[in-house]
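Novice: File name query_14.pdb; file contents PDB, C-alpha atoms; full text below.
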```
ATOM      1  CA  MET P1487       0.000   0.000   0.000
ATOM      2  CA  GLY P1488       2.991   2.299   0.522
ATOM      3  CA  LEU P1489       3.504   2.284  -3.201
ATOM      4  CA  ILE P1490       0.069   3.728  -3.808
ATOM      5  CA  SER P1491       0.493   6.775  -1.665
ATOM      6  CA  ALA P1492       3.989   7.294  -3.037
ATOM      7  CA  VAL P1493       2.833   7.289  -6.652
ATOM      8  CA  ALA P1494      -0.481   9.003  -5.991
ATOM      9  CA  THR P1495      -1.844  11.029  -8.858
ATOM     10  CA  ALA P1496      -2.488  14.760  -8.676
ATOM     11  CA  PRO P1497      -3.251  16.084  -5.202
ATOM     12  CA  THR P1498      -6.899  16.014  -4.252
ATOM     13  CA  PRO P1499      -8.427  19.486  -4.234
ATOM     14  CA  ALA P1500     -10.274  20.343  -1.073
ATOM     15  CA  LEU P1501     -14.011  19.862  -1.270
ATOM     16  CA  ASP P1502     -16.277  21.437   1.248
ATOM     17  CA  GLU P1503     -19.525  20.047   2.593
ATOM     18  CA  ARG P1504     -21.608  21.937   0.055
ATOM     19  CA  ASP P1505     -19.611  20.482  -2.843
ATOM     20  CA  ARG P1506     -20.128  17.010  -1.450
ATOM     21  CA  ALA P1507     -23.846  17.560  -0.945
ATOM     22  CA  LEU P1508     -24.124  18.862  -4.504
ATOM     23  CA  LEU P1509     -22.277  15.882  -6.017
ATOM     24  CA  GLU P1510     -24.423  13.494  -4.011
ATOM     25  CA  THR P1511     -27.599  15.199  -5.166
ATOM     26  CA  ILE P1512     -26.685  14.944  -8.849
ATOM     27  CA  ARG P1513     -25.205  11.475  -8.706
ATOM     28  CA  ASN P1514     -28.196   9.961 -10.441
ATOM     29  CA  GLY P1515     -28.289  12.781 -12.948
ATOM     30  CA  LEU P1516     -29.805  16.168 -13.602
ATOM     31  CA  PRO P1517     -33.603  16.271 -13.505
ATOM     32  CA  LEU P1518     -35.288  16.634 -16.904
ATOM     33  CA  VAL P1519     -37.003  19.922 -16.161
ATOM     34  CA  ALA P1520     -36.587  23.330 -17.769
ATOM     35  CA  LYS P1521     -34.384  24.681 -14.969
ATOM     36  CA  PRO P1522     -32.529  21.667 -13.560
ATOM     37  CA  TYR P1523     -29.932  23.654 -11.611
ATOM     38  CA  ALA P1524     -32.642  25.710  -9.940
ATOM     39  CA  ALA P1525     -34.384  22.466  -8.942
ATOM     40  CA  ILE P1526     -31.162  21.104  -7.461
ATOM     41  CA  ALA P1527     -30.507  24.421  -5.751
ATOM     42  CA  ALA P1528     -33.935  24.380  -4.130
ATOM     43  CA  ALA P1529     -33.353  20.865  -2.809
ATOM     44  CA  LEU P1530     -30.020  21.930  -1.304
ATOM     45  CA  GLY P1531     -30.992  25.365  -0.022
ATOM     46  CA  MET P1532     -28.537  27.034  -2.411
ATOM     47  CA  SER P1533     -29.022  29.577  -5.141
ATOM     48  CA  GLU P1534     -29.014  28.419  -8.751
ATOM     49  CA  ARG P1535     -25.920  30.484  -9.285
ATOM     50  CA  GLU P1536     -24.077  28.772  -6.451
ATOM     51  CA  VAL P1537     -24.865  25.385  -8.004
ATOM     52  CA  THR P1538     -23.541  26.279 -11.448
ATOM     53  CA  GLU P1539     -20.517  28.105 -10.038
ATOM     54  CA  ARG P1540     -19.593  25.146  -7.874
ATOM     55  CA  LEU P1541     -19.955  22.767 -10.814
ATOM     56  CA  GLN P1542     -17.807  25.076 -12.929
ATOM     57  CA  ALA P1543     -15.130  25.139 -10.217
ATOM     58  CA  LEU P1544     -15.190  21.346  -9.879
ATOM     59  CA  LEU P1545     -14.688  21.050 -13.631
ATOM     60  CA  GLY P1546     -11.886  23.591 -13.465
ATOM     61  CA  ASN P1547      -9.942  21.797 -10.753
ATOM     62  CA  GLY P1548     -10.437  18.397 -12.356
ATOM     63  CA  VAL P1549     -12.642  16.776  -9.722
ATOM     64  CA  ILE P1550     -15.274  16.417 -12.460
ATOM     65  CA  LYS P1551     -13.606  14.858 -15.506
ATOM     66  CA  ARG P1552     -16.602  15.280 -17.737
ATOM     67  CA  PHE P1553     -20.079  16.710 -17.390
ATOM     68  CA  GLY P1554     -22.802  15.592 -19.764
ATOM     69  CA  ILE P1555     -24.678  12.589 -21.064
ATOM     70  CA  VAL P1556     -23.333   9.289 -19.735
ATOM     71  CA  VAL P1557     -24.152   6.540 -22.224
ATOM     72  CA  ARG P1558     -24.545   2.837 -21.702
ATOM     73  CA  HIS P1559     -22.366   1.146 -24.292
ATOM     74  CA  HIS P1560     -24.284  -2.095 -24.377
ATOM     75  CA  GLU P1561     -27.618  -0.455 -25.149
ATOM     76  CA  LEU P1562     -25.963   1.477 -27.966
ATOM     77  CA  GLY P1563     -25.019  -1.718 -29.721
ATOM     78  CA  TYR P1564     -21.510  -2.054 -28.323
ATOM     79  CA  GLY P1565     -22.269  -5.490 -26.971
ATOM     80  CA  ALA P1566     -18.706  -6.566 -26.318
ATOM     81  CA  ASN P1567     -16.767  -4.921 -23.543
ATOM     82  CA  ALA P1568     -13.379  -6.381 -22.750
ATOM     83  CA  MET P1569     -11.224  -5.441 -19.820
ATOM     84  CA  VAL P1570      -7.695  -6.226 -20.943
ATOM     85  CA  VAL P1571      -5.096  -6.459 -18.206
ATOM     86  CA  TRP P1572      -1.336  -6.512 -18.606
ATOM     87  CA  ASP P1573       1.568  -7.400 -16.358
ATOM     88  CA  VAL P1574       4.034  -4.652 -17.227
ATOM     89  CA  PRO P1575       7.345  -3.899 -15.515
ATOM     90  CA  ASP P1576       6.717  -0.892 -13.260
ATOM     91  CA  ALA P1577       9.359   1.147 -15.064
ATOM     92  CA  ARG P1578       7.482   0.812 -18.349
ATOM     93  CA  VAL P1579       3.909   1.184 -17.203
ATOM     94  CA  ALA P1580       3.376   4.953 -17.410
ATOM     95  CA  ARG P1581       4.780   5.290 -20.907
ATOM     96  CA  LEU P1582       2.802   2.322 -22.146
ATOM     97  CA  GLY P1583      -0.415   3.453 -20.444
ATOM     98  CA  ARG P1584      -0.260   6.883 -22.020
ATOM     99  CA  ARG P1585       0.340   5.309 -25.411
ATOM    100  CA  MET P1586      -2.564   2.854 -25.101
ATOM    101  CA  ALA P1587      -4.910   5.599 -23.948
ATOM    102  CA  MET P1588      -4.483   7.370 -27.281
ATOM    103  CA  PHE P1589      -6.287   4.657 -29.267
ATOM    104  CA  ASP P1590      -9.883   5.670 -29.845
ATOM    105  CA  PHE P1591     -11.214   2.196 -29.023
ATOM    106  CA  VAL P1592      -9.574   2.329 -25.586
ATOM    107  CA  THR P1593     -12.156   3.982 -23.348
ATOM    108  CA  LEU P1594     -10.371   3.684 -19.999
ATOM    109  CA  CYS P1595      -6.738   3.105 -19.138
ATOM    110  CA  TYR P1596      -5.471   2.770 -15.581
ATOM    111  CA  ARG P1597      -2.525   1.575 -13.602
ATOM    112  CA  ARG P1598      -3.714  -0.354 -10.559
ATOM    113  CA  ALA P1599      -2.073  -2.073  -7.631
ATOM    114  CA  ARG P1600      -1.354  -5.777  -8.089
ATOM    115  CA  SER P1601      -2.835  -8.189  -5.583
ATOM    116  CA  LEU P1602      -0.255 -10.955  -5.391
ATOM    117  CA  PRO P1603      -0.377 -13.879  -5.561
ATOM    118  CA  ALA P1604      -3.971 -13.907  -6.822
ATOM    119  CA  TRP P1605      -3.599 -11.134  -9.406
ATOM    120  CA  ARG P1606      -0.392 -10.146 -11.168
ATOM    121  CA  TYR P1607      -1.696  -7.497 -13.576
ATOM    122  CA  ASN P1608      -1.019  -3.771 -13.111
ATOM    123  CA  LEU P1609      -2.205  -2.060 -16.326
ATOM    124  CA  TYR P1610      -5.864  -2.077 -17.379
ATOM    125  CA  CYS P1611      -7.602  -0.901 -20.492
ATOM    126  CA  MET P1612     -11.262  -1.105 -21.446
ATOM    127  CA  ILE P1613     -12.006  -1.944 -25.053
ATOM    128  CA  HIS P1614     -15.476  -1.840 -26.577
ATOM    129  CA  GLY P1615     -16.640  -3.409 -29.803
ATOM    130  CA  ARG P1616     -19.855  -4.112 -31.653
ATOM    131  CA  ASP P1617     -19.199  -7.764 -31.022
ATOM    132  CA  ARG P1618     -16.518 -10.020 -29.686
ATOM    133  CA  ALA P1619     -14.678 -10.290 -32.975
ATOM    134  CA  ALA P1620     -14.468  -6.508 -33.317
ATOM    135  CA  ALA P1621     -13.142  -6.144 -29.784
ATOM    136  CA  GLU P1622     -10.620  -8.922 -30.388
ATOM    137  CA  ALA P1623      -9.453  -7.258 -33.606
ATOM    138  CA  ASN P1624      -8.855  -4.061 -31.642
ATOM    139  CA  ILE P1625      -6.868  -5.930 -29.010
ATOM    140  CA  ALA P1626      -4.737  -7.485 -31.746
ATOM    141  CA  LYS P1627      -4.170  -4.018 -33.193
ATOM    142  CA  LEU P1628      -3.056  -2.754 -29.801
ATOM    143  CA  ILE P1629      -0.650  -5.659 -29.303
ATOM    144  CA  GLU P1630       0.861  -5.027 -32.712
ATOM    145  CA  ALA P1631       1.112  -1.240 -32.405
ATOM    146  CA  CYS P1632       2.531  -1.184 -28.875
ATOM    147  CA  ASP P1633       4.783  -4.218 -29.276
ATOM    148  CA  LEU P1634       3.061  -6.215 -26.528
ATOM    149  CA  ARG P1635       3.528  -9.768 -27.822
ATOM    150  CA  THR P1636       5.755 -10.780 -24.927
ATOM    151  CA  VAL P1637       3.758  -8.959 -22.245
ATOM    152  CA  PRO P1638       1.582 -11.354 -20.198
ATOM    153  CA  HIS P1639      -2.051 -10.322 -20.433
ATOM    154  CA  ALA P1640      -5.600 -11.545 -19.954
ATOM    155  CA  VAL P1641      -8.826 -10.562 -21.691
ATOM    156  CA  LEU P1642     -11.937 -10.431 -19.515
ATOM    157  CA  PHE P1643     -15.107  -9.965 -21.536
ATOM    158  CA  SER P1644     -18.129  -8.801 -19.599
ATOM    159  CA  ARG P1645     -21.068 -11.168 -19.362
ATOM    160  CA  ARG P1646     -23.758  -9.466 -17.316
ATOM    161  CA  ARG P1647     -24.055  -5.987 -15.894
ATOM    162  CA  PHE P1648     -25.640  -6.081 -12.487
ATOM    163  CA  LYS P1649     -25.370  -2.374 -11.737
ATOM    164  CA  GLN P1650     -24.212   0.929 -13.267
ATOM    165  CA  CYS P1651     -24.880   4.269 -11.624
ATOM    166  CA  GLY P1652     -23.033   7.345 -10.362
ATOM    167  CA  ALA P1653     -20.714   7.057  -7.378
ATOM    168  CA  SER P1654     -21.895   7.912  -3.895
ATOM    169  CA  TYR P1655     -19.592   9.580  -1.399
ATOM    170  CA  ARG P1656     -22.025  10.147   1.429
ATOM    171  CA  ASP P1657     -20.604   9.795   4.899
ATOM    172  CA  GLN P1658     -23.291   7.551   6.289
ATOM    173  CA  PRO P1659     -23.162   3.815   6.472
ATOM    174  CA  THR P1660     -26.700   3.062   5.351
ATOM    175  CA  GLY P1661     -28.902   4.410   2.631
ATOM    176  CA  ASN P1662     -32.008   6.392   3.256
ATOM    177  CA  ILE P1663     -31.430   8.172  -0.042
ATOM    178  CA  LYS P1664     -33.051   6.925  -3.214
ATOM    179  CA  HIS P1665     -30.859   4.483  -5.056
ATOM    180  CA  GLY P1666     -32.027   5.744  -8.408
ATOM    181  CA  ARG P1667     -31.888   3.349 -11.295
ATOM    182  CA  GLY P1668     -29.429   0.952  -9.846
ATOM    183  CA  ARG P1669     -28.555  -0.828 -13.041
TER
ATOM    184  CA  MET O1315     -13.866   3.432 -33.440
ATOM    185  CA  ILE O1316     -16.649   1.007 -34.091
ATOM    186  CA  ASP O1317     -19.772   1.290 -36.186
ATOM    187  CA  ILE O1318     -23.087   1.427 -34.521
ATOM    188  CA  ASP O1319     -26.274  -0.177 -35.776
ATOM    189  CA  LYS O1320     -28.788   1.353 -33.401
ATOM    190  CA  SER O1321     -29.456   4.146 -35.858
ATOM    191  CA  GLU O1322     -32.772   2.665 -36.951
ATOM    192  CA  THR O1323     -34.097   2.720 -33.403
ATOM    193  CA  LEU O1324     -32.927   6.223 -32.535
ATOM    194  CA  THR O1325     -34.329   9.403 -33.981
ATOM    195  CA  GLU O1326     -32.126  11.979 -35.660
ATOM    196  CA  LEU O1327     -32.497  14.266 -32.649
ATOM    197  CA  GLU O1328     -31.553  11.492 -30.212
ATOM    198  CA  ARG O1329     -28.425  10.709 -32.194
ATOM    199  CA  ARG O1330     -27.462  14.356 -32.334
ATOM    200  CA  LEU O1331     -27.939  14.657 -28.573
ATOM    201  CA  LEU O1332     -25.589  11.723 -28.004
ATOM    202  CA  ASP O1333     -23.055  13.310 -30.345
ATOM    203  CA  CYS O1334     -23.209  16.815 -28.932
ATOM    204  CA  CYS O1335     -23.737  16.459 -25.237
ATOM    205  CA  GLN O1336     -21.471  13.906 -23.625
ATOM    206  CA  ARG O1337     -19.233  16.709 -22.438
ATOM    207  CA  ASP O1338     -19.457  20.446 -21.807
ATOM    208  CA  PHE O1339     -23.132  20.232 -20.890
ATOM    209  CA  PRO O1340     -24.307  23.851 -20.521
ATOM    210  CA  LEU O1341     -24.110  25.289 -17.012
ATOM    211  CA  THR O1342     -26.804  27.794 -17.822
ATOM    212  CA  SER O1343     -30.178  28.394 -16.274
ATOM    213  CA  THR O1344     -32.004  26.582 -19.101
ATOM    214  CA  PRO O1345     -29.532  24.047 -20.522
ATOM    215  CA  TYR O1346     -32.106  21.979 -22.418
ATOM    216  CA  ALA O1347     -33.475  25.037 -24.182
ATOM    217  CA  ASP O1348     -29.924  26.108 -25.039
ATOM    218  CA  ILE O1349     -29.119  22.708 -26.509
ATOM    219  CA  ALA O1350     -32.397  22.736 -28.398
ATOM    220  CA  ARG O1351     -31.511  26.063 -29.941
ATOM    221  CA  ARG O1352     -28.126  24.718 -30.998
ATOM    222  CA  LEU O1353     -29.741  21.674 -32.613
ATOM    223  CA  GLY O1354     -32.632  23.532 -34.210
ATOM    224  CA  ALA O1355     -35.224  21.840 -32.025
ATOM    225  CA  ASP O1356     -37.341  23.083 -29.172
ATOM    226  CA  GLU O1357     -36.931  22.463 -25.477
ATOM    227  CA  ALA O1358     -39.897  20.097 -25.178
ATOM    228  CA  GLU O1359     -38.521  17.904 -27.979
ATOM    229  CA  VAL O1360     -35.119  17.727 -26.316
ATOM    230  CA  LEU O1361     -36.619  16.835 -22.944
ATOM    231  CA  ALA O1362     -38.826  14.173 -24.536
ATOM    232  CA  ALA O1363     -35.859  12.693 -26.423
ATOM    233  CA  LEU O1364     -33.734  12.554 -23.266
ATOM    234  CA  GLU O1365     -36.596  10.974 -21.351
ATOM    235  CA  ARG O1366     -36.921   8.307 -24.027
ATOM    236  CA  LEU O1367     -33.161   7.634 -24.095
ATOM    237  CA  GLN O1368     -33.226   7.243 -20.346
ATOM    238  CA  ALA O1369     -36.288   4.996 -20.404
ATOM    239  CA  MET O1370     -34.640   2.795 -23.066
ATOM    240  CA  GLY O1371     -31.527   2.593 -20.929
ATOM    241  CA  THR O1372     -29.366   4.099 -23.672
ATOM    242  CA  ILE O1373     -28.147   6.756 -21.297
ATOM    243  CA  SER O1374     -27.359   6.210 -17.662
ATOM    244  CA  ARG O1375     -27.761   9.845 -16.627
ATOM    245  CA  ILE O1376     -26.871  13.407 -17.453
ATOM    246  CA  GLY O1377     -24.295  14.226 -14.904
ATOM    247  CA  ALA O1378     -20.753  14.286 -13.676
ATOM    248  CA  VAL O1379     -18.048  11.711 -14.276
ATOM    249  CA  LEU O1380     -15.722  12.201 -11.342
ATOM    250  CA  LYS O1381     -11.987  11.811 -11.361
ATOM    251  CA  PRO O1382     -11.303   8.548  -9.526
ATOM    252  CA  ARG O1383     -10.363   9.103  -5.906
ATOM    253  CA  ALA O1384     -10.639  12.877  -6.194
ATOM    254  CA  VAL O1385     -13.640  13.069  -3.932
ATOM    255  CA  GLY O1386     -13.429  10.164  -1.582
ATOM    256  CA  ALA O1387     -11.967   6.695  -1.588
ATOM    257  CA  SER O1388     -12.618   4.149  -4.294
ATOM    258  CA  THR O1389     -11.307   0.897  -5.617
ATOM    259  CA  LEU O1390     -11.930  -1.755  -8.204
ATOM    260  CA  ALA O1391     -12.588  -5.079  -6.533
ATOM    261  CA  ALA O1392     -12.877  -8.641  -7.760
ATOM    262  CA  MET O1393     -14.164 -11.914  -6.360
ATOM    263  CA  ALA O1394     -14.020 -15.533  -7.468
ATOM    264  CA  VAL O1395     -17.604 -16.638  -6.936
ATOM    265  CA  PRO O1396     -18.735 -20.250  -7.464
ATOM    266  CA  ALA O1397     -21.118 -20.318 -10.451
ATOM    267  CA  GLU O1398     -24.069 -21.517  -8.419
ATOM    268  CA  ARG O1399     -23.712 -18.579  -6.006
ATOM    269  CA  LEU O1400     -23.103 -15.844  -8.559
ATOM    270  CA  ASP O1401     -26.652 -14.433  -8.703
ATOM    271  CA  GLU O1402     -26.943 -14.341  -4.945
ATOM    272  CA  VAL O1403     -23.513 -12.745  -4.368
ATOM    273  CA  ALA O1404     -23.965 -10.252  -7.220
ATOM    274  CA  ALA O1405     -27.273  -9.113  -5.733
ATOM    275  CA  LEU O1406     -25.707  -8.786  -2.299
ATOM    276  CA  VAL O1407     -22.854  -6.661  -3.704
ATOM    277  CA  SER O1408     -25.187  -4.481  -5.816
ATOM    278  CA  GLY O1409     -27.242  -3.814  -2.710
ATOM    279  CA  TYR O1410     -24.558  -1.551  -1.278
ATOM    280  CA  ARG O1411     -25.035   2.130  -2.027
ATOM    281  CA  GLU O1412     -21.220   2.315  -2.147
ATOM    282  CA  VAL O1413     -21.085  -0.022  -5.182
ATOM    283  CA  ASN O1414     -21.691   1.838  -8.422
ATOM    284  CA  HIS O1415     -20.589  -0.657 -11.088
ATOM    285  CA  ASN O1416     -20.930  -4.404 -10.857
ATOM    286  CA  TYR O1417     -20.226  -6.814 -13.705
ATOM    287  CA  GLU O1418     -19.795 -10.481 -14.377
ATOM    288  CA  ARG O1419     -16.623 -11.154 -16.378
ATOM    289  CA  GLU O1420     -15.150 -14.226 -18.015
ATOM    290  CA  HIS O1421     -12.430 -15.270 -15.612
ATOM    291  CA  GLU O1422     -11.954 -17.274 -12.458
ATOM    292  CA  LEU O1423     -12.295 -13.875 -10.797
ATOM    293  CA  ASN O1424     -15.783 -13.505 -12.213
ATOM    294  CA  LEU O1425     -17.405 -10.678 -10.259
ATOM    295  CA  TRP O1426     -15.932  -7.193 -10.725
ATOM    296  CA  PHE O1427     -17.196  -4.085  -9.032
ATOM    297  CA  VAL O1428     -16.231  -0.527  -8.178
ATOM    298  CA  ALA O1429     -16.809   0.669  -4.636
ATOM    299  CA  THR O1430     -16.590   4.300  -3.543
ATOM    300  CA  ALA O1431     -16.969   5.902  -0.156
ATOM    301  CA  PHE O1432     -16.395   9.092   1.759
ATOM    302  CA  SER O1433     -13.242   7.775   3.402
ATOM    303  CA  GLU O1434     -10.719   4.930   3.125
ATOM    304  CA  ARG O1435     -11.982   3.612   6.434
ATOM    305  CA  HIS O1436     -15.571   3.465   5.276
ATOM    306  CA  LEU O1437     -14.485   1.813   2.005
ATOM    307  CA  ALA O1438     -12.507  -0.852   3.854
ATOM    308  CA  ALA O1439     -15.478  -1.493   6.136
ATOM    309  CA  VAL O1440     -17.754  -2.098   3.140
ATOM    310  CA  LEU O1441     -15.318  -4.558   1.539
ATOM    311  CA  ASP O1442     -14.768  -6.328   4.866
ATOM    312  CA  ASP O1443     -18.521  -6.564   5.292
ATOM    313  CA  ILE O1444     -18.888  -8.168   1.849
ATOM    314  CA  GLU O1445     -16.211 -10.711   2.758
ATOM    315  CA  THR O1446     -17.898 -11.518   6.055
ATOM    316  CA  ARG O1447     -21.353 -11.905   4.560
ATOM    317  CA  THR O1448     -20.233 -14.023   1.582
ATOM    318  CA  GLY O1449     -17.323 -15.923   3.101
ATOM    319  CA  LEU O1450     -15.354 -15.057  -0.060
ATOM    320  CA  THR O1451     -12.166 -13.038  -0.519
ATOM    321  CA  VAL O1452     -12.399  -9.601  -2.123
ATOM    322  CA  GLN O1453      -9.315  -8.630  -4.150
ATOM    323  CA  ARG O1454      -8.718  -4.896  -3.793
ATOM    324  CA  LEU O1455      -7.225  -3.247  -6.860
ATOM    325  CA  PRO O1456      -6.982   0.487  -6.193
ATOM    326  CA  MET O1457      -6.002   2.836  -8.973
ATOM    327  CA  ILE O1458      -2.504   4.273  -8.999
ATOM    328  CA  GLU O1459      -2.645   6.362 -12.149
ATOM    329  CA  ASP O1460      -5.231   7.299 -14.774
ATOM    330  CA  TYR O1461      -3.883   7.631 -18.321
ATOM    331  CA  HIS O1462      -7.098   8.306 -20.166
ATOM    332  CA  ILE O1463      -8.639  11.692 -20.739
ATOM    333  CA  ASP O1464     -12.381  11.168 -20.827
ATOM    334  CA  LEU O1465     -13.988  12.970 -23.725
ATOM    335  CA  GLY O1466     -17.078  10.793 -23.739
ATOM    336  CA  PHE O1467     -17.695   7.864 -26.013
ATOM    337  CA  LYS O1468     -17.195   8.495 -29.719
ATOM    338  CA  LEU O1469     -20.068   7.094 -31.706
ATOM    339  CA  LYS O1470     -19.876   6.247 -35.360
ATOM    340  CA  TRP O1471     -23.304   5.871 -36.842
ATOM    341  CA  ALA O1472     -23.692   3.155 -39.483
TER
END
```
Starting from the file, give its structure as structure tokens.
Specialist:
Amino acid sequence: MGLISAVATAPTPALDERDRALLETIRNGLPLVAKPYAAIAAALGMSEREVTERLQALLGNGVIKRFGIVVRHHELGYGANAMVVWDVPDARVARLGRRMAMFDFVTLCYRRARSLPAWRYNLYCMIHGRDRAAAEANIAKLIEACDLRTVPHAVLFSRRRFKQCGASYRDQPTGNIKHGRGR
Amino acid sequence: MIDIDKSETLTELERRLLDCCQRDFPLTSTPYADIARRLGADEAEVLAALERLQAMGTISRIGAVLKPRAVGASTLAAMAVPAERLDEVAALVSGYREVNHNYEREHELNLWFVATAFSERHLAAVLDDIETRTGLTVQRLPMIEDYHIDLGFKLKWA
């Protein structure tokens, strides 16, 4: 675990309680009403302007990576979703990760801690395709382009999605808040 | 990029919404009206299209994608669940508010989920609780570095 804190990504900007309450309130999405920020503001006891200014600030400092429509790949016809994991020497992982992330069929690319002995892999990328063959062709392309033939890897296609929703960061152990569409 | 064959089931407006609005959603008082103006539609049409996309499950939400670990604590986690227990364990895991993604994958480690919480302590307590209730080990695979810049999902209509 020491490794993780040592290599930690950019420092976490300070969030105050109102930021947290705002993020929790929108975690299942903006309401589909003419003035969604005003509706959120009313629920939080803020002004509409405070809501949009806080969201703007959270985008500016990188806490929010992206703000907009979040699609479900499967329902859009991208039936195959493969998590491809690689066991890369630590000295090579950052360079390789940045290179992989540039391919347009790679939709996520992370370095993660290994969990030895059960799990040796430290570099992850998510690859979507219309079907399995398309995803596999993209993986082959990646192996070729990044010279990965000798790098141990595993391909984990998804079978079933049990749940997909926004993250919750509330500081209470049990939920009295609506779960929203949990899937 | 991969072709998409859902075009026959989506209207022109719905496709244009998916193309235009996965990032930089307007932070204005009337964002749907502003998008409508940009797309040459009216606000009611945009709201109806978004409602339909949500009802069909094509979109998960209109909202924020947070930088991992910027707000609280989070980790990817994996479990090797015996096939006959997978439905039961998956439902148990999905039942936690702290779990926001939960998938079955083709591997001996066959249940993969993301858990997020306010603090590392709370996160660890959730994962410990899952282990206690299922009697199965949870592999914890926290992120060290993110290499991808999320611009939304590029769609190529067939």
Novice: Kindly resolve the ChimeraX specification (/P :<7) & /O on the present coordinates and return the residues as a PDB file with C-alpha atoms, keeping the file's coordinate frame.
Specialist:
```pdb
ATOM      1  CA  MET O1315     -13.866   3.432 -33.440  1.00  0.00           C
ATOM      2  CA  ILE O1316     -16.649   1.007 -34.091  1.00  0.00           C
ATOM      3  CA  ILE O1318     -23.087   1.427 -34.521  1.00  0.00           C
ATOM      4  CA  ASP O1319     -26.274  -0.177 -35.776  1.00  0.00           C
ATOM      5  CA  LYS O1320     -28.788   1.353 -33.401  1.00  0.00           C
ATOM      6  CA  CYS O1335     -23.737  16.459 -25.237  1.00  0.00           C
ATOM      7  CA  GLN O1336     -21.471  13.906 -23.625  1.00  0.00           C
ATOM      8  CA  ARG O1337     -19.233  16.709 -22.438  1.00  0.00           C
ATOM      9  CA  ASP O1338     -19.457  20.446 -21.807  1.00  0.00           C
ATOM     10  CA  PHE O1339     -23.132  20.232 -20.890  1.00  0.00           C
ATOM     11  CA  LEU O1341     -24.110  25.289 -17.012  1.00  0.00           C
ATOM     12  CA  SER O1343     -30.178  28.394 -16.274  1.00  0.00           C
ATOM     13  CA  THR O1344     -32.004  26.582 -19.101  1.00  0.00           C
ATOM     14  CA  TYR O1346     -32.106  21.979 -22.418  1.00  0.00           C
ATOM     15  CA  LEU O1361     -36.619  16.835 -22.944  1.00  0.00           C
ATOM     16  CA  GLY O1371     -31.527   2.593 -20.929  1.00  0.00           C
ATOM     17  CA  THR O1372     -29.366   4.099 -23.672  1.00  0.00           C
ATOM     18  CA  ILE O1373     -28.147   6.756 -21.297  1.00  0.00           C
ATOM     19  CA  SER O1374     -27.359   6.210 -17.662  1.00  0.00           C
ATOM     20  CA  ARG O1375     -27.761   9.845 -16.627  1.00  0.00           C
ATOM     21  CA  ILE O1376     -26.871  13.407 -17.453  1.00  0.00           C
ATOM     22  CA  GLY O1377     -24.295  14.226 -14.904  1.00  0.00           C
ATOM     23  CA  ALA O1378     -20.753  14.286 -13.676  1.00  0.00           C
ATOM     24  CA  VAL O1379     -18.048  11.711 -14.276  1.00  0.00           C
ATOM     25  CA  LEU O1380     -15.722  12.201 -11.342  1.00  0.00           C
ATOM     26  CA  LYS O1381     -11.987  11.811 -11.361  1.00  0.00           C
ATOM     27  CA  ALA O1384     -10.639  12.877  -6.194  1.00  0.00           C
ATOM     28  CA  VAL O1385     -13.640  13.069  -3.932  1.00  0.00           C
ATOM     29  CA  GLY O1386     -13.429  10.164  -1.582  1.00  0.00           C
ATOM     30  CA  ALA O1404     -23.965 -10.252  -7.220  1.00  0.00           C
ATOM     31  CA  SER O1408     -25.187  -4.481  -5.816  1.00  0.00           C
ATOM     32  CA  ARG O1411     -25.035   2.130  -2.027  1.00  0.00           C
ATOM     33  CA  GLU O1412     -21.220   2.315  -2.147  1.00  0.00           C
ATOM     34  CA  ASN O1414     -21.691   1.838  -8.422  1.00  0.00           C
ATOM     35  CA  HIS O1415     -20.589  -0.657 -11.088  1.00  0.00           C
ATOM     36  CA  ASN O1416     -20.930  -4.404 -10.857  1.00  0.00           C
ATOM     37  CA  TYR O1417     -20.226  -6.814 -13.705  1.00  0.00           C
ATOM     38  CA  GLU O1418     -19.795 -10.481 -14.377  1.00  0.00           C
ATOM     39  CA  ARG O1419     -16.623 -11.154 -16.378  1.00  0.00           C
ATOM     40  CA  GLU O1420     -15.150 -14.226 -18.015  1.00  0.00           C
ATOM     41  CA  HIS O1421     -12.430 -15.270 -15.612  1.00  0.00           C
ATOM     42  CA  THR O1430     -16.590   4.300  -3.543  1.00  0.00           C
ATOM     43  CA  ALA O1431     -16.969   5.902  -0.156  1.00  0.00           C
ATOM     44  CA  PHE O1432     -16.395   9.092   1.759  1.00  0.00           C
ATOM     45  CA  GLN O1453      -9.315  -8.630  -4.150  1.00  0.00           C
ATOM     46  CA  ARG O1454      -8.718  -4.896  -3.793  1.00  0.00           C
ATOM     47  CA  LEU O1455      -7.225  -3.247  -6.860  1.00  0.00           C
ATOM     48  CA  PRO O1456      -6.982   0.487  -6.193  1.00  0.00           C
ATOM     49  CA  MET O1457      -6.002   2.836  -8.973  1.00  0.00           C
ATOM     50  CA  ILE O1458      -2.504   4.273  -8.999  1.00  0.00           C
ATOM     51  CA  GLU O1459      -2.645   6.362 -12.149  1.00  0.00           C
ATOM     52  CA  ASP O1460      -5.231   7.299 -14.774  1.00  0.00           C
ATOM     53  CA  TYR O1461      -3.883   7.631 -18.321  1.00  0.00           C
ATOM     54  CA  HIS O1462      -7.098   8.306 -20.166  1.00  0.00           C
ATOM     55  CA  ASP O1464     -12.381  11.168 -20.827  1.00  0.00           C
ATOM     56  CA  LEU O1465     -13.988  12.970 -23.725  1.00  0.00           C
TER      57      LEU O1465
END
```
Novice: Just want the 9 Å neighbourhood of Thr1511 of chain P, counted on only C-alpha atoms, with same-chain residues fewer than 6 positions away dropped. Output as a list in words.
Specialist: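 Here the qualifying residues turn out to be Ile1526, Ala1529 and Leu1530 of chain P.
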Novice: Grab the atom CA of Ala1527 of chain P to atom CA of Pro1345 of chain O distance for me, in Å with one decimal place.
Specialist: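 These atoms are spaced 14.8 Å apart.
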Novice: So the first atom is atom CA of Glu1434 of chain O and the second is atom CA of Gly1546 of chain P; what is the distance between them in Å, to one decimal place?
Specialist: 25.0 Å
